[in-house]
$ cat protein09.csv   # CSV, C-alpha atoms
chain,number,residue,atom,x,y,z
A,1,MET,CA,-24.3,-5.9,55.0
A,2,ARG,CA,-26.3,-3.8,57.5
A,3,LEU,CA,-28.8,-1.3,56.1
A,4,ALA,CA,-28.2,1.4,58.8
A,5,TRP,CA,-25.4,3.1,57.0
A,6,HIS,CA,-24.4,6.8,57.4
A,7,LEU,CA,-23.1,9.1,54.8
A,8,LEU,CA,-20.7,11.9,55.8
A,9,ASP,CA,-20.5,14.2,52.9
A,10,ARG,CA,-17.7,16.8,52.9
A,11,THR,CA,-17.9,17.5,49.2
A,12,ARG,CA,-20.7,20.1,49.2
A,13,GLY,CA,-20.3,23.0,46.8
A,14,CYS,CA,-18.2,20.9,44.3
A,15,GLU,CA,-20.2,20.3,41.1
A,16,GLN,CA,-17.9,17.7,39.4
A,17,LEU,CA,-15.3,15.5,41.0
A,18,ILE,CA,-13.7,12.1,41.1
A,19,TYR,CA,-14.7,9.7,43.9
A,20,VAL,CA,-12.0,7.2,44.8
A,21,GLY,CA,-13.3,4.5,47.1
A,22,TYR,CA,-11.3,2.3,49.5
A,23,PRO,CA,-11.0,-0.4,50.7
A,24,HIS,CA,-12.7,-2.6,48.1
A,25,THR,CA,-12.9,-6.0,49.7
A,26,SER,CA,-16.4,-7.4,48.8
A,27,ARG,CA,-19.1,-7.3,46.1
A,28,PRO,CA,-21.5,-5.4,48.3
A,29,ASP,CA,-19.1,-2.4,48.1
A,30,PHE,CA,-20.8,-1.8,44.7
A,31,LEU,CA,-23.9,-0.7,46.5
A,32,LEU,CA,-22.0,2.1,48.2
A,33,PRO,CA,-21.6,4.3,45.0
A,34,LEU,CA,-25.3,3.9,44.4
A,35,ALA,CA,-25.9,5.2,48.0
A,36,ILE,CA,-23.5,8.1,47.2
A,37,SER,CA,-25.4,8.9,44.1
A,38,LEU,CA,-28.7,8.9,46.0
A,39,GLY,CA,-27.3,10.7,49.0
A,40,THR,CA,-25.6,13.5,47.1
A,41,ARG,CA,-28.0,13.7,44.1
A,42,ARG,CA,-25.0,13.5,41.8
A,43,ARG,CA,-25.0,11.5,38.6
A,44,LEU,CA,-22.1,9.0,38.6
A,45,LEU,CA,-20.1,7.3,35.9
A,46,THR,CA,-18.9,4.2,37.8
A,47,LEU,CA,-16.0,2.0,36.5
A,48,VAL,CA,-16.5,-1.7,37.3
A,49,THR,CA,-14.3,-4.7,36.5
A,50,ASP,CA,-15.6,-6.3,33.3
A,51,CYS,CA,-15.9,-9.7,34.9
A,52,GLU,CA,-18.8,-8.3,37.0
A,53,VAL,CA,-20.8,-7.3,33.9
A,54,THR,CA,-22.3,-10.6,32.9
A,55,GLY,CA,-25.7,-12.1,32.3
A,56,ARG,CA,-28.6,-10.7,34.3
A,57,SER,CA,-26.5,-8.0,36.0
A,58,SER,CA,-25.4,-6.4,32.8
A,59,TRP,CA,-28.6,-4.5,32.1
A,60,MET,CA,-28.8,-3.2,35.6
A,61,LEU,CA,-25.2,-2.0,35.5
A,62,HIS,CA,-25.8,-0.3,32.2
A,63,ARG,CA,-28.8,1.5,33.6
A,64,LEU,CA,-26.7,2.7,36.5
A,65,ASN,CA,-24.1,4.2,34.1
A,66,CYS,CA,-21.5,1.6,34.9
A,67,TRP,CA,-18.7,1.0,32.4
A,68,PRO,CA,-16.9,-2.3,32.3
A,69,VAL,CA,-13.1,-2.1,32.4
A,70,ASN,CA,-10.5,-4.8,32.2
A,71,PRO,CA,-8.0,-3.6,34.9
A,72,GLU,CA,-5.2,-5.6,33.3
A,73,VAL,CA,-5.7,-4.1,29.8
A,74,PRO,CA,-7.5,-0.7,30.2
A,75,ARG,CA,-7.1,0.2,26.4
A,76,GLY,CA,-8.0,3.9,26.2
A,77,THR,CA,-10.3,4.0,29.2
A,78,VAL,CA,-8.8,7.3,30.5
A,79,ASP,CA,-9.3,9.0,27.2
A,80,ARG,CA,-13.0,7.8,27.0
A,81,VAL,CA,-13.6,8.9,30.5
A,82,ILE,CA,-12.2,12.3,29.9
A,83,GLU,CA,-14.3,12.8,26.8
A,84,HIS,CA,-17.5,11.6,28.7
A,85,LEU,CA,-16.9,13.9,31.7
A,86,ALA,CA,-16.3,16.9,29.4
A,87,ARG,CA,-19.5,16.3,27.5
A,88,GLU,CA,-21.4,15.7,30.8
A,89,PRO,CA,-20.3,18.3,33.3
A,90,GLY,CA,-22.9,17.2,35.9
A,91,THR,CA,-21.4,13.7,36.0
A,92,CYS,CA,-18.8,12.6,38.6
A,93,LEU,CA,-16.5,9.7,38.2
A,94,ALA,CA,-16.5,6.9,40.8
A,95,LEU,CA,-14.1,4.0,41.1
A,96,CYS,CA,-12.1,1.8,43.4
A,97,PRO,CA,-8.4,2.0,42.3
A,98,GLU,CA,-7.6,-1.5,43.6
A,99,GLY,CA,-9.5,-2.7,40.6
A,100,LYS,CA,-10.7,-5.9,42.1
A,101,ILE,CA,-12.0,-7.3,45.4
A,102,GLU,CA,-9.1,-9.6,45.9
A,103,LYS,CA,-6.1,-8.1,47.7
A,104,SER,CA,-4.1,-5.9,45.3
A,105,SER,CA,-0.5,-4.9,45.6
A,106,ALA,CA,-1.0,-1.6,43.9
A,107,TRP,CA,-3.6,1.0,42.8
A,108,LEU,CA,-4.5,1.6,39.2
A,109,SER,CA,-3.4,5.1,38.1
A,110,GLY,CA,-6.3,6.0,35.8
A,111,PHE,CA,-8.1,8.2,38.4
A,112,TYR,CA,-4.8,10.1,39.0
A,113,ILE,CA,-4.2,10.8,35.3
A,114,THR,CA,-7.8,11.8,34.8
A,115,SER,CA,-7.6,14.2,37.7
A,116,LEU,CA,-4.4,15.8,36.4
A,117,ALA,CA,-5.7,16.0,32.8
A,118,THR,CA,-9.0,17.6,33.8
A,119,ASP,CA,-8.1,19.4,37.0
A,120,LEU,CA,-11.1,17.8,38.6
A,121,PRO,CA,-10.6,17.3,42.4
A,122,VAL,CA,-10.6,13.9,44.1
A,123,SER,CA,-12.7,13.0,47.0
A,124,TYR,CA,-11.3,10.0,48.9
A,125,VAL,CA,-14.2,7.8,50.0
A,126,ALA,CA,-13.6,5.7,53.1
A,127,PHE,CA,-15.7,2.6,53.4
A,128,ASN,CA,-16.0,1.7,57.1
A,129,TYR,CA,-17.9,-1.5,57.8
A,130,ARG,CA,-17.0,-1.4,61.5
A,131,ASP,CA,-19.3,1.6,62.1
A,132,CYS,CA,-21.3,1.4,58.9
A,133,THR,CA,-20.1,4.8,57.7
A,134,VAL,CA,-19.1,6.1,54.2
A,135,THR,CA,-17.1,9.3,54.4
A,136,LEU,CA,-16.7,11.5,51.3
A,137,HIS,CA,-13.6,13.5,52.2
A,138,ALA,CA,-13.2,17.1,51.2
A,139,PRO,CA,-12.1,17.3,47.5
A,140,VAL,CA,-8.3,17.8,46.9
A,141,HIS,CA,-6.5,18.7,43.7
A,142,MET,CA,-3.7,16.4,42.6
A,143,THR,CA,-0.3,18.1,42.6
A,144,GLY,CA,1.5,15.9,40.0
A,145,ASP,CA,3.8,14.6,42.8
A,146,PRO,CA,2.6,11.0,43.2
A,147,ASP,CA,4.4,10.5,46.6
A,148,ARG,CA,2.8,13.6,48.1
A,149,ASP,CA,-0.6,12.8,46.6
A,150,LEU,CA,-0.6,9.2,47.8
A,151,ASP,CA,0.4,10.3,51.3
A,152,ALA,CA,-2.7,12.5,51.4
A,153,ALA,CA,-4.7,9.5,50.2
A,154,ARG,CA,-3.3,7.3,53.0
A,155,GLN,CA,-4.2,10.0,55.6
A,156,ALA,CA,-7.7,10.4,54.3
A,157,LEU,CA,-8.4,6.7,54.1
A,158,ALA,CA,-6.6,5.5,57.3
A,159,ALA,CA,-9.9,5.1,59.2
A,160,GLY,CA,-11.5,2.9,56.5
A,161,GLN,CA,-12.2,-0.7,57.2
A,162,GLY,CA,-13.4,-3.1,54.5
A,163,TYR,CA,-15.9,-5.9,54.9
A,164,ARG,CA,-12.8,-8.2,54.9
A,165,PRO,CA,-10.2,-6.0,56.6
A,166,ASP,CA,-7.3,-8.3,55.7
A,167,ASP,CA,-8.0,-7.9,52.0
A,168,ALA,CA,-7.5,-4.2,51.9
A,169,GLY,CA,-4.9,-3.5,49.2
A,170,HIS,CA,-1.8,-1.3,49.3
A,171,ILE,CA,-2.3,2.4,48.7
A,172,GLY,CA,0.4,3.1,46.1
A,173,PHE,CA,1.0,2.8,42.4
A,174,ARG,CA,2.9,-0.2,41.1
A,175,PRO,CA,6.7,-0.1,41.6
A,176,GLY,CA,8.4,1.7,38.7
A,177,TRP,CA,5.3,3.5,37.6
A,178,SER,CA,5.8,7.1,36.5
A,179,LEU,CA,3.6,9.7,35.0
A,180,ASP,CA,3.9,10.1,31.2
A,181,ARG,CA,3.9,13.8,31.0
A,182,THR,CA,3.8,13.9,27.2
A,183,ARG,CA,0.8,11.7,27.1
A,184,LEU,CA,-0.8,13.9,29.9
A,185,GLN,CA,-0.5,17.0,27.7
A,186,ASP,CA,-2.4,15.2,24.9
A,187,GLN,CA,-5.1,14.2,27.4
A,188,ARG,CA,-5.3,17.8,28.7
A,189,ALA,CA,-5.8,18.9,25.1
A,190,LEU,CA,-8.5,16.3,24.7
A,191,TRP,CA,-10.3,17.7,27.7
A,192,GLY,CA,-9.9,21.3,26.4
A,193,CYS,CA,-11.2,20.4,22.9
A,194,THR,CA,-14.2,18.5,24.2
A,195,VAL,CA,-15.3,21.1,26.8
$ encode --input "protein09.csv" --output "structure tokens"
Amino acid sequence: MRLAWHLLDRTRGCEQLIYVGYPHTSRPDFLLPLAISLGTRRRLLTLVTDCEVTGRSSWMLHRLNCWPVNPEVPRGTVDRVIEHLAREPGTCLALCPEGKIEKSSAWLSGFYITSLATDLPVSYVAFNYRDCTVTLHAPVHMTGDPDRDLDAARQALAAGQGYRPDDAGHIGFRPGWSLDRTRLQDQRALWGCTV
């Protein structure tokens, strides 16, 4: 990975938000949230796949405020993230919804649910290895209409190009996924009680 990267930040004036990075096709992508944190002076809570948190890297990831998550069995991750973000209003969430560097057929929906529960806007972050640019797009609020919201994501991320372009995953939730609106109300209450 070249060192002469450029950060285009269109998130100024937004104190707390959710960064959604794409495409996630290599391990060096992990350095990009660190660059975002340094470039924007924002504190990040970064979700990483639990298989990356092993041995010597675990202490460093802990120091960087990275939480290990099993993307196959998230077990209450959204609730824990909501509670953390409510207690730490200066902290932004950062993640790659593909959940892994191997090509994925669908995005994980945790960021979407978190945004709807907290009303925090989403900044789509386009990684572009072709011209060594990371673009933090202007924050947008999720509408609760997944088709409409994912269309906006596709538009914002169209210019991104991963380290391995052919491994970029599909921008969309898994077939048959739907928003559990009853559960979402509970999570909104969780956010309201913690703030």
$ atom_distance --input "protein09.csv" --atom1 "CA of Trp107 (chain A)" --atom2 "CA of Leu17 (chain A)"
18.7 Å
$ atom_distance --input "protein09.csv" --atom1 "CA of Ala94 (chain A)" --atom2 "CA of Pro175 (chain A)"
24.2 Å
$ atom_distance --input "protein09.csv" --atom1 "CA of Arg188 (chain A)" --atom2 "CA of Asp149 (chain A)"
19.2 Å
$ residues_around --input "protein09.csv" --residues "Tyr163 (chain A)" --least-positions-apart "3" --cutoff "10 Å" --atoms "all atoms listed in the file" --output "list in words"
Met1, Pro23, His24, Thr25, Ser26, Arg27, Pro28, Asp29, Phe127, Asn128, Tyr129, Arg130, Cys132, Gly160, Asp166, Asp167 and Ala168 of chain A
$ closest_residue --input "protein09.csv" --among "A:Ala189, A:Ala126, A:Cys66, A:Leu108" --to "Ala158 (chain A)" --atoms "all atoms listed in the file"
A:Ala126
$ closest_residue --input "protein09.csv" --among "A:Val69, A:Leu64, A:Leu150, A:Ile113" --to "His170 (chain A)" --atoms "all atoms listed in the file"
A:Leu150
$ closest_residue --input "protein09.csv" --among "A:Asp50, A:Asp131, A:Asp79, A:Asp147" --to "Lys100 (chain A)" --atoms "all atoms listed in the file"
A:Asp50
$ residues_near_point --input "protein09.csv" --point "(-13.4, 8.8, 43.1)" --cutoff "12 Å" --atoms "only C-alpha atoms" --output "PyMOL selection string"
chain A and resi 11+16-22+33+36+44-47+91-98+109-112+114-115+120-126+135-140+153
$ closest_residue --input "protein09.csv" --among "A:Ala4, A:Ile171, A:Leu61, A:Ile101" --to "Ala152 (chain A)" --atoms "all atoms listed in the file"
A:Ile171
$ decode --input "protein09.csv" --residues "region 110-184 of chain A" --atoms "C-alpha atoms" --output "PDB file, in the first residue's frame"
ATOM      1  CA  GLY A 110     -25.944  -3.786  11.988  1.00  0.00           C
ATOM      2  CA  PHE A 111     -24.860  -0.307  10.884  1.00  0.00           C
ATOM      3  CA  TYR A 112     -28.281   0.277   9.350  1.00  0.00           C
ATOM      4  CA  ILE A 113     -30.167  -0.746  12.476  1.00  0.00           C
ATOM      5  CA  THR A 114     -27.787   1.307  14.647  1.00  0.00           C
ATOM      6  CA  SER A 115     -28.356   4.382  12.508  1.00  0.00           C
ATOM      7  CA  LEU A 116     -32.139   4.002  12.610  1.00  0.00           C
ATOM      8  CA  ALA A 117     -32.154   3.379  16.376  1.00  0.00           C
ATOM      9  CA  THR A 118     -29.918   6.347  17.205  1.00  0.00           C
ATOM     10  CA  ASP A 119     -30.713   8.723  14.328  1.00  0.00           C
ATOM     11  CA  LEU A 120     -26.963   9.066  13.768  1.00  0.00           C
ATOM     12  CA  PRO A 121     -26.156   9.845  10.126  1.00  0.00           C
ATOM     13  CA  VAL A 122     -24.033   7.592   7.942  1.00  0.00           C
ATOM     14  CA  SER A 123     -20.966   8.713   6.025  1.00  0.00           C
ATOM     15  CA  TYR A 124     -20.167   6.277   3.230  1.00  0.00           C
ATOM     16  CA  VAL A 125     -16.395   5.935   3.003  1.00  0.00           C
ATOM     17  CA  ALA A 126     -15.054   5.037  -0.438  1.00  0.00           C
ATOM     18  CA  PHE A 127     -11.633   3.388  -0.480  1.00  0.00           C
ATOM     19  CA  ASN A 128      -9.948   3.985  -3.823  1.00  0.00           C
ATOM     20  CA  TYR A 129      -6.629   2.223  -4.265  1.00  0.00           C
ATOM     21  CA  ARG A 130      -6.435   3.363  -7.899  1.00  0.00           C
ATOM     22  CA  ASP A 131      -5.784   6.999  -6.972  1.00  0.00           C
ATOM     23  CA  CYS A 132      -4.958   6.481  -3.259  1.00  0.00           C
ATOM     24  CA  THR A 133      -7.947   8.449  -2.000  1.00  0.00           C
ATOM     25  CA  VAL A 134     -10.320   7.898   0.891  1.00  0.00           C
ATOM     26  CA  THR A 135     -13.533   9.886   0.502  1.00  0.00           C
ATOM     27  CA  LEU A 136     -15.734  10.532   3.528  1.00  0.00           C
ATOM     28  CA  HIS A 137     -19.052  11.352   1.881  1.00  0.00           C
ATOM     29  CA  ALA A 138     -21.466  13.882   3.340  1.00  0.00           C
ATOM     30  CA  PRO A 139     -23.502  12.269   6.137  1.00  0.00           C
ATOM     31  CA  VAL A 140     -26.989  11.041   5.258  1.00  0.00           C
ATOM     32  CA  HIS A 141     -29.823   9.920   7.504  1.00  0.00           C
ATOM     33  CA  MET A 142     -31.314   6.512   6.887  1.00  0.00           C
ATOM     34  CA  THR A 143     -34.967   6.652   5.849  1.00  0.00           C
ATOM     35  CA  GLY A 144     -36.065   3.184   6.979  1.00  0.00           C
ATOM     36  CA  ASP A 145     -36.594   2.168   3.341  1.00  0.00           C
ATOM     37  CA  PRO A 146     -33.697  -0.254   2.715  1.00  0.00           C
ATOM     38  CA  ASP A 147     -34.027  -0.153  -1.084  1.00  0.00           C
ATOM     39  CA  ARG A 148     -33.824   3.626  -1.164  1.00  0.00           C
ATOM     40  CA  ASP A 149     -31.011   3.784   1.390  1.00  0.00           C
ATOM     41  CA  LEU A 150     -28.914   1.147  -0.377  1.00  0.00           C
ATOM     42  CA  ASP A 151     -29.386   2.919  -3.706  1.00  0.00           C
ATOM     43  CA  ALA A 152     -27.852   6.002  -2.064  1.00  0.00           C
ATOM     44  CA  ALA A 153     -24.981   3.835  -0.794  1.00  0.00           C
ATOM     45  CA  ARG A 154     -24.335   2.442  -4.287  1.00  0.00           C
ATOM     46  CA  GLN A 155     -24.230   5.969  -5.709  1.00  0.00           C
ATOM     47  CA  ALA A 156     -21.821   7.243  -3.058  1.00  0.00           C
ATOM     48  CA  LEU A 157     -19.519   4.219  -3.323  1.00  0.00           C
ATOM     49  CA  ALA A 158     -19.536   3.734  -7.094  1.00  0.00           C
ATOM     50  CA  ALA A 159     -16.090   5.293  -7.554  1.00  0.00           C
ATOM     51  CA  GLY A 160     -14.431   3.141  -4.888  1.00  0.00           C
ATOM     52  CA  GLN A 161     -11.871   0.553  -5.942  1.00  0.00           C
ATOM     53  CA  GLY A 162     -10.452  -1.963  -3.520  1.00  0.00           C
ATOM     54  CA  TYR A 163      -6.934  -3.322  -3.347  1.00  0.00           C
ATOM     55  CA  ARG A 164      -8.317  -6.407  -5.101  1.00  0.00           C
ATOM     56  CA  PRO A 165     -11.140  -4.927  -7.220  1.00  0.00           C
ATOM     57  CA  ASP A 166     -12.656  -8.302  -8.147  1.00  0.00           C
ATOM     58  CA  ASP A 167     -13.246  -9.080  -4.452  1.00  0.00           C
ATOM     59  CA  ALA A 168     -15.581  -6.146  -3.814  1.00  0.00           C
ATOM     60  CA  GLY A 169     -18.800  -7.505  -2.336  1.00  0.00           C
ATOM     61  CA  HIS A 170     -22.374  -6.849  -3.350  1.00  0.00           C
ATOM     62  CA  ILE A 171     -23.946  -3.711  -1.844  1.00  0.00           C
ATOM     63  CA  GLY A 172     -27.200  -5.064  -0.473  1.00  0.00           C
ATOM     64  CA  PHE A 173     -28.593  -6.960   2.484  1.00  0.00           C
ATOM     65  CA  ARG A 174     -29.082 -10.709   2.285  1.00  0.00           C
ATOM     66  CA  PRO A 175     -32.132 -11.895   0.315  1.00  0.00           C
ATOM     67  CA  GLY A 176     -35.219 -12.006   2.493  1.00  0.00           C
ATOM     68  CA  TRP A 177     -33.793  -9.640   5.124  1.00  0.00           C
ATOM     69  CA  SER A 178     -36.317  -7.258   6.625  1.00  0.00           C
ATOM     70  CA  LEU A 179     -36.196  -4.710   9.386  1.00  0.00           C
ATOM     71  CA  ASP A 180     -37.624  -5.929  12.702  1.00  0.00           C
ATOM     72  CA  ARG A 181     -39.519  -2.767  13.617  1.00  0.00           C
ATOM     73  CA  THR A 182     -40.589  -4.058  17.048  1.00  0.00           C
ATOM     74  CA  ARG A 183     -36.966  -4.776  17.947  1.00  0.00           C
ATOM     75  CA  LEU A 184     -36.005  -1.383  16.530  1.00  0.00           C
TER      76      LEU A 184
END
